[in-house]
Amino acid sequence: MSIAEKLTTIVENEQKVYDAGKKSQYDEFWDDYQQNGTLTSYVYAFAGKGWTKENFRPKYDIKPINARLMFNYGGNNCLIDMVALSEELGIVFDFSNTTYFYQCFCGNFFDRLGVIDTTSSASLDGMFIEFQGTTIDKLIIRSNGTTTITSSFQSATNLKNITIEGVVGKDFNIQYSPLSKKSIENVVSVLSDATSSLTLTLSKRAVENAFSDEEWETLVATKPNWTISLI
Amino acid sequence: MLEEQVIINKLIAERGKILTDGEIFGKTIFLGNSRNSDEFYEISEEEYEAIMREKETKTEQ
């Protein structure tokens with residue numbers, strides 16, 4: 001091969017070499033950070049401000065057992081769509097074995113969460129404090145009504161869309177969230193029929209925006225064992 | 001076919017006030033069938049906001 005041919009080959013392969021180098025860096029980082037896919041303790045894992053939409057690209061499925069503070073005020077206003085990212089990267093976010101969720105999703109890391117199965121955890125205390133996302137596709141809680149969800153959504157002031165699957169059997173305050181009509185109907189529908197002296201607190205503005213008085217009182221009447229407060 | 005009459009007890013706070021029983025807060029409260037209106041009283045919105053600030057401070061600690 002002449003020098004000219006060699007130079008031509010180098011130029012032709014420059015991008016490939018660059019890409020291979022970047023991939024190697026990517027693999028090296030995520031193989032280490034996610035322990036080749038075996039990591040289960042994700043405490044504070046993505047809580048730093050250095051995370052961005054560009055660099056939050058996990059290589060392996062995320063299956064935490066401990067998700068305390070996992071995305072706690074992390075990222076720089078990333079507002080990532082978890083479902084879209086999952087599809088793009090071919091990874092899953094699987095919380096079905098997670099036992100600790102304290103302050104997991106606080107802040108603006110995500111705009112949309114997919115299916116979050118919390119049935120392995122008894123308490124969702126603090127899980128969505130100041131969550132700035134608009135959508136939680138599905139939050140799965142225990143069907144026996146034992147999940148503590150009382151103040152899980154404190155100051156989740158952008159949350160409009162949520163579907164809860166399971167049974168709410170404890171006081172539930174989601175007053176800061178401007179929920180859609182469909183979401184409010186869902187929240188009311190999953191309130192336990194087997195309890196008494198419990199309270200659901202909702203945004204008064206959200207309810208008034210979504211329902212006529214008659215529609216709302218009809219919905220309230222479906223859960224006579226619950227006190228429902230609007231504020 | 002079963003027909004039942006459901007009575008909803010609805011409490012509405014006066015303008016500038018918030019209803020509470022010490023634990024629950026609301027401008028409008030639809031009472032569950034195990035609660036009665038005697039358990040509730042009104043506080044000012046300022047008092048309510050002060051209570052919420054105190055609760056937030058405790059949460060942060």
# chains A, B, ... in the order shown; residues from 1 in each chain; ligands from 1
$ residues_around --residues "range 24-26 of chain B" --least-positions-apart "6" --cutoff "12 Å" --atoms "only C-alpha atoms" --output "short mmCIF file (atom, residue, chain, number, x, y, z; two decimals) with all heavy atoms, in the first residue's frame"
data_model
loop_
_atom_site.label_atom_id
_atom_site.label_comp_id
_atom_site.auth_asym_id
_atom_site.auth_seq_id
_atom_site.Cartn_x
_atom_site.Cartn_y
_atom_site.Cartn_z
N THR A 150 -49.51 8.25 51.49
CA THR A 150 -50.13 9.44 52.06
C THR A 150 -49.59 10.75 51.51
O THR A 150 -50.34 11.57 51.00
CB THR A 150 -49.99 9.41 53.59
OG1 THR A 150 -50.51 8.18 54.06
CG2 THR A 150 -50.75 10.56 54.24
N ASP A 171 -54.75 7.05 53.94
CA ASP A 171 -54.95 8.46 53.55
C ASP A 171 -54.08 8.78 52.34
O ASP A 171 -52.95 8.31 52.24
CB ASP A 171 -54.55 9.40 54.70
CG ASP A 171 -55.49 9.34 55.88
OD1 ASP A 171 -56.68 9.02 55.69
OD2 ASP A 171 -55.03 9.62 57.01
N PHE A 172 -54.63 9.59 51.45
CA PHE A 172 -53.91 9.89 50.21
C PHE A 172 -54.09 11.37 49.88
O PHE A 172 -55.22 11.84 49.70
CB PHE A 172 -54.46 9.01 49.08
CG PHE A 172 -53.76 9.15 47.76
CD1 PHE A 172 -52.46 9.63 47.68
CD2 PHE A 172 -54.38 8.77 46.58
CE1 PHE A 172 -51.80 9.76 46.47
CE2 PHE A 172 -53.73 8.88 45.35
CZ PHE A 172 -52.45 9.37 45.30
N ASN A 173 -52.97 12.08 49.83
CA ASN A 173 -53.01 13.51 49.54
C ASN A 173 -52.28 13.77 48.23
O ASN A 173 -51.07 13.58 48.13
CB ASN A 173 -52.34 14.30 50.69
CG ASN A 173 -52.49 15.79 50.51
OD1 ASN A 173 -52.60 16.29 49.40
ND2 ASN A 173 -52.53 16.51 51.62
N GLN A 175 -53.00 16.82 46.52
CA GLN A 175 -53.61 18.12 46.34
C GLN A 175 -52.83 19.06 45.45
O GLN A 175 -53.39 20.02 44.93
CB GLN A 175 -53.82 18.80 47.71
CG GLN A 175 -52.51 19.26 48.36
CD GLN A 175 -52.73 19.94 49.71
OE1 GLN A 175 -52.94 19.27 50.71
NE2 GLN A 175 -52.68 21.24 49.74
N SER A 197 -63.01 6.16 57.75
CA SER A 197 -62.24 7.26 58.38
C SER A 197 -60.97 7.62 57.64
O SER A 197 -60.03 8.13 58.24
CB SER A 197 -61.87 6.90 59.84
OG SER A 197 -63.01 6.60 60.57
N LEU A 198 -60.92 7.34 56.35
CA LEU A 198 -59.75 7.75 55.56
C LEU A 198 -60.11 8.94 54.69
O LEU A 198 -61.28 9.20 54.42
CB LEU A 198 -59.27 6.60 54.69
CG LEU A 198 -58.73 5.39 55.43
CD1 LEU A 198 -58.25 4.34 54.44
CD2 LEU A 198 -57.59 5.76 56.37
N THR A 199 -59.06 9.66 54.26
CA THR A 199 -59.27 10.90 53.51
C THR A 199 -58.47 10.91 52.23
O THR A 199 -57.28 10.57 52.22
CB THR A 199 -58.85 12.12 54.36
OG1 THR A 199 -59.56 12.09 55.59
CG2 THR A 199 -59.16 13.43 53.64
N LEU A 200 -59.12 11.35 51.17
CA LEU A 200 -58.45 11.66 49.92
C LEU A 200 -58.47 13.18 49.78
O LEU A 200 -59.52 13.81 49.93
CB LEU A 200 -59.20 11.04 48.74
CG LEU A 200 -58.79 11.53 47.34
CD1 LEU A 200 -57.37 11.08 47.01
CD2 LEU A 200 -59.76 11.03 46.28
N THR A 201 -57.31 13.78 49.52
CA THR A 201 -57.25 15.23 49.31
C THR A 201 -56.81 15.52 47.89
O THR A 201 -55.77 15.01 47.43
CB THR A 201 -56.26 15.89 50.31
OG1 THR A 201 -56.61 15.52 51.64
CG2 THR A 201 -56.31 17.41 50.19
N LEU A 202 -57.60 16.32 47.20
CA LEU A 202 -57.36 16.65 45.80
C LEU A 202 -57.31 18.15 45.61
O LEU A 202 -57.77 18.93 46.46
CB LEU A 202 -58.50 16.12 44.93
CG LEU A 202 -58.67 14.61 44.83
CD1 LEU A 202 -60.03 14.27 44.24
CD2 LEU A 202 -57.55 14.00 44.00
N SER A 203 -56.79 18.54 44.45
CA SER A 203 -56.79 19.96 44.09
C SER A 203 -58.21 20.39 43.76
O SER A 203 -58.87 19.80 42.89
CB SER A 203 -55.90 20.18 42.86
OG SER A 203 -56.25 21.38 42.20
N LYS A 204 -58.69 21.41 44.45
CA LYS A 204 -60.05 21.92 44.20
C LYS A 204 -60.15 22.45 42.77
O LYS A 204 -61.14 22.21 42.08
CB LYS A 204 -60.34 23.04 45.20
CG LYS A 204 -61.74 23.59 45.18
CD LYS A 204 -61.99 24.48 46.40
CE LYS A 204 -63.43 24.95 46.49
NZ LYS A 204 -63.70 26.08 45.63
N ARG A 205 -59.12 23.11 42.33
CA ARG A 205 -59.15 23.68 40.98
C ARG A 205 -59.22 22.57 39.94
O ARG A 205 -59.97 22.66 38.97
CB ARG A 205 -57.91 24.54 40.74
CG ARG A 205 -57.88 25.21 39.38
CD ARG A 205 -56.70 26.13 39.22
NE ARG A 205 -56.82 27.27 40.13
CZ ARG A 205 -55.92 28.26 40.19
NH1 ARG A 205 -54.84 28.22 39.44
NH2 ARG A 205 -56.08 29.25 41.02
N THR A 227 -63.72 10.27 53.18
CA THR A 227 -63.86 11.72 53.23
C THR A 227 -62.97 12.28 52.12
O THR A 227 -61.79 11.91 52.02
CB THR A 227 -63.42 12.27 54.60
OG1 THR A 227 -64.37 11.84 55.58
CG2 THR A 227 -63.37 13.80 54.59
N ILE A 228 -63.56 13.13 51.29
CA ILE A 228 -62.80 13.67 50.17
C ILE A 228 -62.71 15.19 50.34
O ILE A 228 -63.74 15.88 50.37
CB ILE A 228 -63.44 13.28 48.83
CG1 ILE A 228 -63.44 11.75 48.71
CG2 ILE A 228 -62.69 13.92 47.66
CD1 ILE A 228 -64.06 11.21 47.45
N SER A 229 -61.50 15.66 50.44
CA SER A 229 -61.27 17.07 50.70
C SER A 229 -60.71 17.74 49.45
O SER A 229 -59.83 17.20 48.79
CB SER A 229 -60.27 17.21 51.85
OG SER A 229 -59.90 18.56 52.02
N LEU A 230 -61.22 18.91 49.16
CA LEU A 230 -60.72 19.70 48.03
C LEU A 230 -60.08 20.98 48.56
O LEU A 230 -60.69 21.71 49.33
CB LEU A 230 -61.88 20.07 47.09
CG LEU A 230 -62.73 18.91 46.56
CD1 LEU A 230 -63.79 19.46 45.61
CD2 LEU A 230 -61.89 17.86 45.89
N ILE A 231 -58.85 21.22 48.13
CA ILE A 231 -58.18 22.42 48.62
C ILE A 231 -57.33 23.04 47.51
O ILE A 231 -56.88 22.35 46.61
CB ILE A 231 -57.35 22.13 49.89
CG1 ILE A 231 -56.85 23.43 50.50
CG2 ILE A 231 -56.15 21.21 49.55
CD1 ILE A 231 -56.45 23.33 51.92
N LYS B 10 -71.68 17.77 52.77
CA LYS B 10 -70.66 18.62 52.14
C LYS B 10 -70.44 19.84 53.01
O LYS B 10 -71.38 20.56 53.34
CB LYS B 10 -71.17 19.02 50.75
CG LYS B 10 -70.30 19.94 49.95
CD LYS B 10 -70.98 20.18 48.61
CE LYS B 10 -70.33 21.24 47.78
NZ LYS B 10 -71.06 21.46 46.52
N LEU B 11 -69.21 20.07 53.40
CA LEU B 11 -68.86 21.26 54.18
C LEU B 11 -68.14 22.24 53.26
O LEU B 11 -67.24 21.84 52.51
CB LEU B 11 -67.93 20.89 55.34
CG LEU B 11 -68.40 19.80 56.30
CD1 LEU B 11 -67.38 19.61 57.42
CD2 LEU B 11 -69.75 20.14 56.89
N ILE B 12 -68.53 23.49 53.35
CA ILE B 12 -67.90 24.51 52.52
C ILE B 12 -67.36 25.60 53.43
O ILE B 12 -68.11 26.17 54.24
CB ILE B 12 -68.90 25.13 51.52
CG1 ILE B 12 -69.52 24.01 50.65
CG2 ILE B 12 -68.23 26.17 50.63
CD1 ILE B 12 -70.67 24.48 49.79
N ALA B 13 -66.09 25.91 53.30
CA ALA B 13 -65.49 26.95 54.14
C ALA B 13 -65.95 28.33 53.69
O ALA B 13 -66.21 28.56 52.50
CB ALA B 13 -63.97 26.88 54.06
N GLU B 14 -66.07 29.23 54.62
CA GLU B 14 -66.33 30.62 54.29
C GLU B 14 -65.15 31.18 53.49
O GLU B 14 -64.04 30.66 53.57
CB GLU B 14 -66.50 31.45 55.57
CG GLU B 14 -67.68 31.06 56.44
CD GLU B 14 -69.00 31.56 55.87
OE1 GLU B 14 -68.97 32.43 54.97
OE2 GLU B 14 -70.05 31.07 56.32
N GLY B 16 -61.96 32.88 52.40
CA GLY B 16 -60.76 33.21 53.16
C GLY B 16 -60.47 32.25 54.30
O GLY B 16 -59.55 32.45 55.09
N LYS B 17 -61.27 31.19 54.40
CA LYS B 17 -61.10 30.24 55.48
C LYS B 17 -60.81 28.84 54.93
O LYS B 17 -61.11 28.54 53.78
CB LYS B 17 -62.38 30.16 56.33
CG LYS B 17 -62.80 31.47 56.96
CD LYS B 17 -61.93 31.80 58.15
CE LYS B 17 -62.52 32.97 58.93
NZ LYS B 17 -61.68 33.34 60.07
N ILE B 18 -60.25 28.01 55.79
CA ILE B 18 -59.97 26.61 55.46
C ILE B 18 -60.60 25.76 56.55
O ILE B 18 -60.47 26.07 57.74
CB ILE B 18 -58.45 26.33 55.42
CG1 ILE B 18 -57.74 27.25 54.42
CG2 ILE B 18 -58.17 24.87 55.11
CD1 ILE B 18 -58.02 26.96 52.97
N ARG B 35 -67.81 10.12 59.49
CA ARG B 35 -67.40 11.43 60.04
C ARG B 35 -68.62 12.31 60.19
O ARG B 35 -69.64 12.12 59.51
CB ARG B 35 -66.39 12.12 59.08
CG ARG B 35 -65.18 11.31 58.70
CD ARG B 35 -64.28 10.96 59.86
NE ARG B 35 -63.85 12.11 60.61
CZ ARG B 35 -62.75 12.81 60.35
NH1 ARG B 35 -61.98 12.51 59.32
NH2 ARG B 35 -62.42 13.83 61.12
N GLU B 39 -66.76 17.65 63.88
CA GLU B 39 -65.31 17.45 64.04
C GLU B 39 -64.49 18.54 63.35
O GLU B 39 -63.28 18.60 63.51
CB GLU B 39 -64.92 16.10 63.44
CG GLU B 39 -65.61 14.90 64.10
CD GLU B 39 -65.41 13.63 63.31
OE1 GLU B 39 -64.26 13.33 62.96
OE2 GLU B 39 -66.40 12.93 63.03
N PHE B 40 -65.17 19.38 62.56
CA PHE B 40 -64.43 20.33 61.75
C PHE B 40 -64.67 21.77 62.21
O PHE B 40 -65.72 22.11 62.75
CB PHE B 40 -64.84 20.19 60.28
CG PHE B 40 -64.34 18.92 59.66
CD1 PHE B 40 -65.04 17.73 59.80
CD2 PHE B 40 -63.14 18.90 58.96
CE1 PHE B 40 -64.56 16.54 59.26
CE2 PHE B 40 -62.65 17.72 58.41
CZ PHE B 40 -63.36 16.54 58.56
N TYR B 41 -63.67 22.60 62.01
CA TYR B 41 -63.75 24.02 62.34
C TYR B 41 -62.96 24.80 61.28
O TYR B 41 -62.22 24.20 60.49
CB TYR B 41 -63.19 24.30 63.74
CG TYR B 41 -61.78 23.75 63.97
CD1 TYR B 41 -60.65 24.54 63.78
CD2 TYR B 41 -61.60 22.43 64.40
CE1 TYR B 41 -59.37 24.03 63.98
CE2 TYR B 41 -60.32 21.92 64.61
CZ TYR B 41 -59.22 22.72 64.41
OH TYR B 41 -57.95 22.21 64.60
N GLU B 42 -63.14 26.09 61.27
CA GLU B 42 -62.46 26.91 60.26
C GLU B 42 -61.23 27.61 60.84
O GLU B 42 -61.22 28.04 61.98
CB GLU B 42 -63.43 27.97 59.72
CG GLU B 42 -64.52 27.38 58.83
CD GLU B 42 -65.46 28.45 58.30
OE1 GLU B 42 -65.69 29.44 59.01
OE2 GLU B 42 -65.96 28.29 57.18
N ILE B 43 -60.22 27.70 60.00
CA ILE B 43 -59.05 28.52 60.32
C ILE B 43 -58.84 29.47 59.15
O ILE B 43 -59.39 29.26 58.06
CB ILE B 43 -57.78 27.67 60.56
CG1 ILE B 43 -57.43 26.83 59.31
CG2 ILE B 43 -57.96 26.78 61.78
CD1 ILE B 43 -56.11 26.09 59.45
N SER B 44 -58.04 30.50 59.37
CA SER B 44 -57.77 31.44 58.27
C SER B 44 -56.78 30.80 57.29
O SER B 44 -56.05 29.85 57.65
CB SER B 44 -57.18 32.75 58.81
OG SER B 44 -55.88 32.50 59.34
N GLU B 45 -56.75 31.32 56.09
CA GLU B 45 -55.80 30.81 55.10
C GLU B 45 -54.36 31.06 55.57
O GLU B 45 -53.48 30.23 55.30
CB GLU B 45 -56.05 31.48 53.74
CG GLU B 45 -57.31 30.97 53.08
CD GLU B 45 -57.54 31.54 51.68
OE1 GLU B 45 -56.80 32.44 51.28
OE2 GLU B 45 -58.48 31.08 51.01
N GLU B 47 -53.28 31.01 58.66
CA GLU B 47 -52.96 29.97 59.64
C GLU B 47 -52.65 28.66 58.92
O GLU B 47 -51.72 27.93 59.27
CB GLU B 47 -54.16 29.73 60.59
CG GLU B 47 -54.34 30.80 61.66
CD GLU B 47 -55.61 30.56 62.48
OE1 GLU B 47 -56.71 30.86 61.97
OE2 GLU B 47 -55.48 30.07 63.61
N TYR B 48 -53.45 28.36 57.91
CA TYR B 48 -53.23 27.14 57.13
C TYR B 48 -51.84 27.15 56.49
O TYR B 48 -51.10 26.17 56.58
CB TYR B 48 -54.31 27.00 56.05
CG TYR B 48 -54.00 25.96 55.00
CD1 TYR B 48 -54.02 24.60 55.30
CD2 TYR B 48 -53.66 26.33 53.70
CE1 TYR B 48 -53.72 23.65 54.34
CE2 TYR B 48 -53.36 25.38 52.73
CZ TYR B 48 -53.39 24.05 53.06
OH TYR B 48 -53.07 23.10 52.11
N GLU B 49 -51.49 28.27 55.88
CA GLU B 49 -50.18 28.35 55.22
C GLU B 49 -49.04 28.22 56.23
O GLU B 49 -48.02 27.60 55.95
CB GLU B 49 -50.07 29.65 54.42
CG GLU B 49 -50.79 29.55 53.07
CD GLU B 49 -51.17 30.92 52.51
OE1 GLU B 49 -50.53 31.92 52.90
OE2 GLU B 49 -52.09 30.96 51.68
N ILE B 51 -49.17 26.51 58.98
CA ILE B 51 -49.13 25.08 59.35
C ILE B 51 -48.41 24.28 58.26
O ILE B 51 -47.59 23.40 58.54
CB ILE B 51 -50.56 24.53 59.58
CG1 ILE B 51 -51.17 25.18 60.83
CG2 ILE B 51 -50.56 23.01 59.70
CD1 ILE B 51 -52.66 24.94 60.98
N MET B 52 -48.71 24.59 57.01
CA MET B 52 -48.07 23.86 55.90
C MET B 52 -46.57 24.13 55.87
O MET B 52 -45.78 23.22 55.62
CB MET B 52 -48.70 24.28 54.56
CG MET B 52 -50.10 23.78 54.36
SD MET B 52 -50.23 21.97 54.31
CE MET B 52 -51.04 21.67 55.86
#
$ select_by_dssp --residues "chain B" --states "helix (DSSP H, G or I)" --output "list of chain:residue names"
B:Ser37, B:Asp38, B:Glu39, B:Glu45, B:Glu46, B:Glu47, B:Tyr48, B:Glu49, B:Ala50, B:Ile51, B:Met52, B:Arg53, B:Glu54, B:Lys55, B:Glu56, B:Thr57, B:Lys58, B:Thr59, B:Glu60
$ write_last_selection --atoms "C-alpha atoms" --output "PDB file, in the first residue's frame"
ATOM      1  CA  SER B  37     -69.404  18.041  60.735  1.00  0.00           C
ATOM      2  CA  ASP B  38     -68.872  18.635  64.480  1.00  0.00           C
ATOM      3  CA  GLU B  39     -65.309  17.452  64.044  1.00  0.00           C
ATOM      4  CA  GLU B  45     -55.798  30.813  55.101  1.00  0.00           C
ATOM      5  CA  GLU B  46     -52.784  32.445  56.787  1.00  0.00           C
ATOM      6  CA  GLU B  47     -52.964  29.968  59.643  1.00  0.00           C
ATOM      7  CA  TYR B  48     -53.233  27.139  57.130  1.00  0.00           C
ATOM      8  CA  GLU B  49     -50.177  28.355  55.220  1.00  0.00           C
ATOM      9  CA  ALA B  50     -48.208  28.646  58.441  1.00  0.00           C
ATOM     10  CA  ILE B  51     -49.130  25.083  59.349  1.00  0.00           C
ATOM     11  CA  MET B  52     -48.065  23.863  55.896  1.00  0.00           C
ATOM     12  CA  ARG B  53     -44.737  25.692  56.152  1.00  0.00           C
ATOM     13  CA  GLU B  54     -44.096  24.092  59.511  1.00  0.00           C
ATOM     14  CA  LYS B  55     -44.924  20.668  58.124  1.00  0.00           C
ATOM     15  CA  GLU B  56     -42.557  21.194  55.186  1.00  0.00           C
ATOM     16  CA  THR B  57     -39.768  22.231  57.540  1.00  0.00           C
ATOM     17  CA  LYS B  58     -40.284  19.063  59.561  1.00  0.00           C
ATOM     18  CA  THR B  59     -40.226  16.986  56.362  1.00  0.00           C
ATOM     19  CA  GLU B  60     -36.919  18.548  55.305  1.00  0.00           C
TER      20      GLU B  60
END
$ residues_around --residues "range 62-72 of chain A" --least-positions-apart "4" --cutoff "6 Å" --atoms "only C-alpha atoms" --output "number ranges by chain"
A: 40-47, 93-95, 97-106
$ select_by_dssp --residues "chain B" --states "strand (DSSP E or B)" --output "MDAnalysis selection string"
chainID B and resid 9:12 17:20 25:26 28:31 41:44
$ write_last_selection --atoms "N, CA and C atoms" --output "compact mmCIF listing (two decimals), in the first residue's frame"
# COMPACT_ATOMS: atom_id res chain seq x y z
N ASN B 9 -72.72 14.56 52.85
CA ASN B 9 -72.56 15.76 53.68
C ASN B 9 -71.38 16.56 53.17
N LYS B 10 -71.68 17.77 52.77
CA LYS B 10 -70.66 18.62 52.14
C LYS B 10 -70.44 19.84 53.01
N LEU B 11 -69.21 20.07 53.40
CA LEU B 11 -68.86 21.26 54.18
C LEU B 11 -68.14 22.24 53.26
N ILE B 12 -68.53 23.49 53.35
CA ILE B 12 -67.90 24.51 52.52
C ILE B 12 -67.36 25.60 53.43
N LYS B 17 -61.27 31.19 54.40
CA LYS B 17 -61.10 30.24 55.48
C LYS B 17 -60.81 28.84 54.93
N ILE B 18 -60.25 28.01 55.79
CA ILE B 18 -59.97 26.61 55.46
C ILE B 18 -60.60 25.76 56.55
N LEU B 19 -61.23 24.70 56.15
CA LEU B 19 -61.81 23.75 57.12
C LEU B 19 -60.73 22.79 57.57
N THR B 20 -60.81 22.38 58.83
CA THR B 20 -59.86 21.38 59.32
C THR B 20 -60.44 20.66 60.53
N PHE B 25 -57.29 19.13 55.77
CA PHE B 25 -57.55 20.53 55.45
C PHE B 25 -58.29 20.59 54.12
N GLY B 26 -59.24 21.52 53.99
CA GLY B 26 -59.94 21.64 52.72
C GLY B 26 -60.83 22.85 52.67
N THR B 28 -63.49 22.65 50.58
CA THR B 28 -64.74 21.90 50.48
C THR B 28 -64.44 20.47 50.91
N ILE B 29 -65.25 19.96 51.78
CA ILE B 29 -65.00 18.60 52.28
C ILE B 29 -66.27 17.78 52.16
N PHE B 30 -66.15 16.65 51.51
CA PHE B 30 -67.27 15.71 51.39
C PHE B 30 -67.04 14.64 52.45
N LEU B 31 -67.89 14.63 53.45
CA LEU B 31 -67.65 13.77 54.60
C LEU B 31 -67.97 12.31 54.28
N TYR B 41 -63.67 22.60 62.01
CA TYR B 41 -63.75 24.02 62.34
C TYR B 41 -62.96 24.80 61.28
N GLU B 42 -63.14 26.09 61.27
CA GLU B 42 -62.46 26.91 60.26
C GLU B 42 -61.23 27.61 60.84
N ILE B 43 -60.22 27.70 60.00
CA ILE B 43 -59.05 28.52 60.32
C ILE B 43 -58.84 29.47 59.15
N SER B 44 -58.04 30.50 59.37
CA SER B 44 -57.77 31.44 58.27
C SER B 44 -56.78 30.80 57.29
$ closest_residue --among "A:Glu54, A:Glu5, A:Glu214, A:Asp117" --to "Tyr26 in chain A" --atoms "only C-alpha atoms"
A:Glu54
$ residues_around --residues "Phe29 in chain A" --least-positions-apart "6" --cutoff "12 Å" --atoms "only C-alpha atoms" --output "list in words"
Lys22, Lys23, Gln35, Asn36, Gly37, Asn55, Phe56, Arg57, Pro58, Lys59 and Tyr60 of chain A
$ atom_distance --atom1 "CA of Leu219 in chain A" --atom2 "CA of Glu130 in chain A"
27.9 Å
$ closest_residue --among "A:Thr157, A:Gln25, A:Ser180, A:Ser152" --to "chain B" --atoms "only C-alpha atoms"
A:Ser152
$ atom_distance --atom1 "CA of Ser183 in chain A" --atom2 "CA of Ile141 in chain A"
15.5 Å
$ atom_distance --atom1 "CA of Ser196 in chain A" --atom2 "CA of Ser34 in chain B"
6.5 Å
$ closest_residue --among "A:Glu14, A:Asp111, A:Asp19, A:Asp125" --to "chain B" --atoms "only C-alpha atoms"
A:Asp125
